[in-house]
Amino acid sequence: MARPPVHGSVIVPDWHETVEGKEYLACILRKNRRREFGLLERPVLPPSVAIDTASYKIFVSGKSGVGKTALVAKLAGQEVPVVHHETTGIQTTVVFWPAKLKASDRVVMFRFEFWDCGESALKKFDHMLPACKENADAFLFLFSFTDRASFEDLPGQLTRVASEAPGVVKMVIGSKFDQYMHTDVPERDLTAFRQTWQLPLLRVKSVPGRRLADGRTLDGRAGLVDVAHVLNGLAEQLWHQDQVAAGLLPSSPENAPG
């Protein structure tokens with residue numbers, strides 16, 4: 001697999017905060033609330049706007065209780081479950097995210113199809129893991145900052161899920177970062193992990209999303225800002241991997257022209 005690109009080298013990081021970016025984000029919002037999309041649905045853009053769509057399947061892996069379902073809900077702008085319930089079977093969620101490519105100044109609509117499966121179901125039914133991994137473009141490996149065992153389980157997860165998929169993008173996400181004062185995973189361990197595995201490692205909070213003036217409805221635009229670093233990170237890694245696979249980029253920085 002290609003070496004992960006440097007953050008901000010493929011996708012313009014804060015483009016979603018610009019006037020142009022907000023115009024594109026409007027197609028995945030409705031009255032400041034996030035729109036939900038089914039498997040066959042897509043955002044509606046003005047006829048004058050020509051934009052390509054890049055679709056990817058992403059399998060979310062991690063121990064039970066680390067926040068896989070909560071992460072996907074947060075990325076999709078949905079309510080995060082307050083009480084943990086084991087996901088039964090496979091749950092798929094579609095998230096659209098427009099982003100601007102740094103090299104070409106072109107906007108691409110990224111379509112992420114997240115596959116989430118409960119740990120018990122994966123252990124009980126042999127066909128579940130192969131189904132989640134089949135034709136996957138990326139694996140997200142989750143651990144919780146409040147669960148040391150989930151962090152120590154990462155090497156096993158990486159071996160079990162990704163050992164036979166060298167061309168698939170791999171990213172690690174630490175959940176419940178807002179509880180970092182009570183962390184079971186100190187910074188020195190994260191540094192050692194990154195040096196060993198050479199994988200992107202992002203952090204997300206588990207606090208409830210901000211609300212609109214009615215006090216009940218999730219603020220869709222504020223929610224997008226909270227998860228933009230994850231969506232941009234995914235878009236960056238996946239687009240870069242596609243360019244390497246197509247022979248348009250070298251597989252590692254040292255092979256690039258000066």
# chains A, B, ... in the order shown; residues from 1 in each chain; ligands from 1
call {"tool": "select_by_dssp", "arguments": {"residues": "range 87-191 of chain A", "states": "helix (DSSP H, G or I)", "output": "ChimeraX atom specification"}}
result
/A:119-124,128-133,148-152,154-162,177-182,187-191
call {"tool": "select_by_dssp", "arguments": {"residues": "range 89-239 of chain A", "states": "strand (DSSP E)", "output": "ChimeraX atom specification"}}
result
/A:90-100,107-117,138-144,169-175,201-203
call {"tool": "closest_residue", "arguments": {"among": "A:Lys133, A:Arg3, A:Lys74, A:Lys170", "to": "Lys205 in chain A", "atoms": "only C-alpha atoms"}}
result
A:Lys74
call {"tool": "closest_atom_pairs", "arguments": {"of": "range 47-160 of chain A", "to": "range 27-33 of chain A", "cutoff": "9 Å", "atoms": "only C-alpha atoms", "output": "Markdown table"}}
result
| residue | atom | partner | partner_atom | distance |
| --- | --- | --- | --- | --- |
| A:Gly77 | CA | A:Arg33 | CA | 8.0 |
| A:Phe96 | CA | A:Ile28 | CA | 7.1 |
| A:Trp97 | CA | A:Ile28 | CA | 8.0 |
call {"tool": "closest_residue", "arguments": {"among": "A:Thr217, A:Thr92, A:Ser163, A:Ser175", "to": "Arg203 in chain A", "atoms": "only C-alpha atoms"}}
result
A:Ser175
call {"tool": "residues_around", "arguments": {"residues": "Ser104 in chain A", "least_positions_apart": "4", "cutoff": "12 Å", "atoms": "only C-alpha atoms", "output": "PyMOL selection string"}}
result
chain A and resi 9-12+99-100+108
call {"tool": "write_last_selection", "arguments": {"atoms": "N, CA, C and O atoms", "output": "short mmCIF file (atom, residue, chain, number, x, y, z; two decimals), in the first residue's frame"}}
result
data_model
loop_
_atom_site.label_atom_id
_atom_site.label_comp_id
_atom_site.auth_asym_id
_atom_site.auth_seq_id
_atom_site.Cartn_x
_atom_site.Cartn_y
_atom_site.Cartn_z
N SER A 9 -1.96 17.79 2.10
CA SER A 9 -1.25 17.79 0.82
C SER A 9 -2.15 17.41 -0.35
O SER A 9 -1.81 17.67 -1.51
N VAL A 10 -3.31 16.80 -0.07
CA VAL A 10 -4.22 16.35 -1.13
C VAL A 10 -5.52 17.15 -1.12
O VAL A 10 -6.00 17.62 -2.15
N ILE A 11 -6.11 17.32 0.07
CA ILE A 11 -7.37 18.04 0.23
C ILE A 11 -7.11 19.39 0.90
O ILE A 11 -6.32 19.48 1.84
N VAL A 12 -7.78 20.44 0.42
CA VAL A 12 -7.67 21.75 1.07
C VAL A 12 -8.38 21.65 2.43
O VAL A 12 -9.60 21.47 2.48
N ALA A 99 -15.32 18.05 -1.12
CA ALA A 99 -13.98 18.51 -0.75
C ALA A 99 -13.26 19.01 -1.99
O ALA A 99 -13.54 18.57 -3.11
N LYS A 100 -12.33 19.95 -1.79
CA LYS A 100 -11.57 20.52 -2.91
C LYS A 100 -10.18 19.91 -2.96
O LYS A 100 -9.47 19.85 -1.95
N VAL A 108 -14.72 17.61 -5.52
CA VAL A 108 -15.21 16.24 -5.69
C VAL A 108 -16.19 15.94 -4.58
O VAL A 108 -15.97 16.31 -3.42
#
call {"tool": "closest_residue", "arguments": {"among": "A:Thr93, A:Ser48, A:Ser206, A:Thr69", "to": "Glu36 in chain A", "atoms": "only C-alpha atoms"}}
result
A:Thr93
call {"tool": "residues_around", "arguments": {"residues": "Phe177 in chain A", "least_positions_apart": "4", "cutoff": "10 Å", "atoms": "only C-alpha atoms", "output": "PDB file with N, CA and C atoms, in the first residue's frame"}}
result
ATOM      1  N   SER A 144     -10.844   3.180  22.270  1.00  0.00           N
ATOM      2  CA  SER A 144     -11.354   4.204  23.177  1.00  0.00           C
ATOM      3  C   SER A 144     -10.246   4.659  24.117  1.00  0.00           C
ATOM      4  N   PHE A 145     -10.153   5.975  24.311  1.00  0.00           N
ATOM      5  CA  PHE A 145      -9.158   6.508  25.236  1.00  0.00           C
ATOM      6  C   PHE A 145      -9.440   6.080  26.673  1.00  0.00           C
ATOM      7  N   THR A 146     -10.662   5.607  26.935  1.00  0.00           N
ATOM      8  CA  THR A 146     -11.016   5.171  28.290  1.00  0.00           C
ATOM      9  C   THR A 146     -10.962   3.656  28.447  1.00  0.00           C
ATOM     10  N   ILE A 173      -8.661   5.526  14.724  1.00  0.00           N
ATOM     11  CA  ILE A 173      -9.361   6.630  15.368  1.00  0.00           C
ATOM     12  C   ILE A 173      -9.530   6.326  16.856  1.00  0.00           C
ATOM     13  N   MET A 181      -8.653  13.431  30.178  1.00  0.00           N
ATOM     14  CA  MET A 181      -8.108  13.585  31.535  1.00  0.00           C
ATOM     15  C   MET A 181      -8.134  12.260  32.282  1.00  0.00           C
ATOM     16  N   HIS A 182      -9.032  11.356  31.848  1.00  0.00           N
ATOM     17  CA  HIS A 182      -9.147  10.042  32.497  1.00  0.00           C
ATOM     18  C   HIS A 182      -8.637   8.939  31.563  1.00  0.00           C
ATOM     19  N   THR A 183      -7.729   9.301  30.662  1.00  0.00           N
ATOM     20  CA  THR A 183      -7.315   8.359  29.637  1.00  0.00           C
ATOM     21  C   THR A 183      -6.520   7.191  30.207  1.00  0.00           C
ATOM     22  N   LEU A 202      -6.342   9.617  14.211  1.00  0.00           N
ATOM     23  CA  LEU A 202      -7.178  10.779  14.495  1.00  0.00           C
ATOM     24  C   LEU A 202      -7.896  10.587  15.825  1.00  0.00           C
ATOM     25  N   ARG A 203      -8.424  11.685  16.363  1.00  0.00           N
ATOM     26  CA  ARG A 203      -9.126  11.647  17.651  1.00  0.00           C
ATOM     27  C   ARG A 203     -10.490  12.284  17.492  1.00  0.00           C
ATOM     28  N   VAL A 204     -11.490  11.682  18.127  1.00  0.00           N
ATOM     29  CA  VAL A 204     -12.850  12.244  18.083  1.00  0.00           C
ATOM     30  C   VAL A 204     -13.415  12.293  19.498  1.00  0.00           C
ATOM     31  N   LYS A 205     -14.314  13.255  19.704  1.00  0.00           N
ATOM     32  CA  LYS A 205     -14.976  13.405  20.993  1.00  0.00           C
ATOM     33  C   LYS A 205     -16.313  12.662  20.983  1.00  0.00           C
ATOM     34  N   SER A 206     -16.782  12.332  22.167  1.00  0.00           N
ATOM     35  CA  SER A 206     -18.051  11.614  22.276  1.00  0.00           C
ATOM     36  C   SER A 206     -19.154  12.491  22.848  1.00  0.00           C
ATOM     37  N   VAL A 207     -18.863  13.788  23.044  1.00  0.00           N
ATOM     38  CA  VAL A 207     -19.883  14.677  23.609  1.00  0.00           C
ATOM     39  C   VAL A 207     -21.031  14.829  22.621  1.00  0.00           C
TER      40      VAL A 207
END
call {"tool": "closest_residue", "arguments": {"among": "A:Leu212, A:Val60, A:Val82, A:Ala76", "to": "Phe143 in chain A", "atoms": "only C-alpha atoms"}}
result
A:Val60
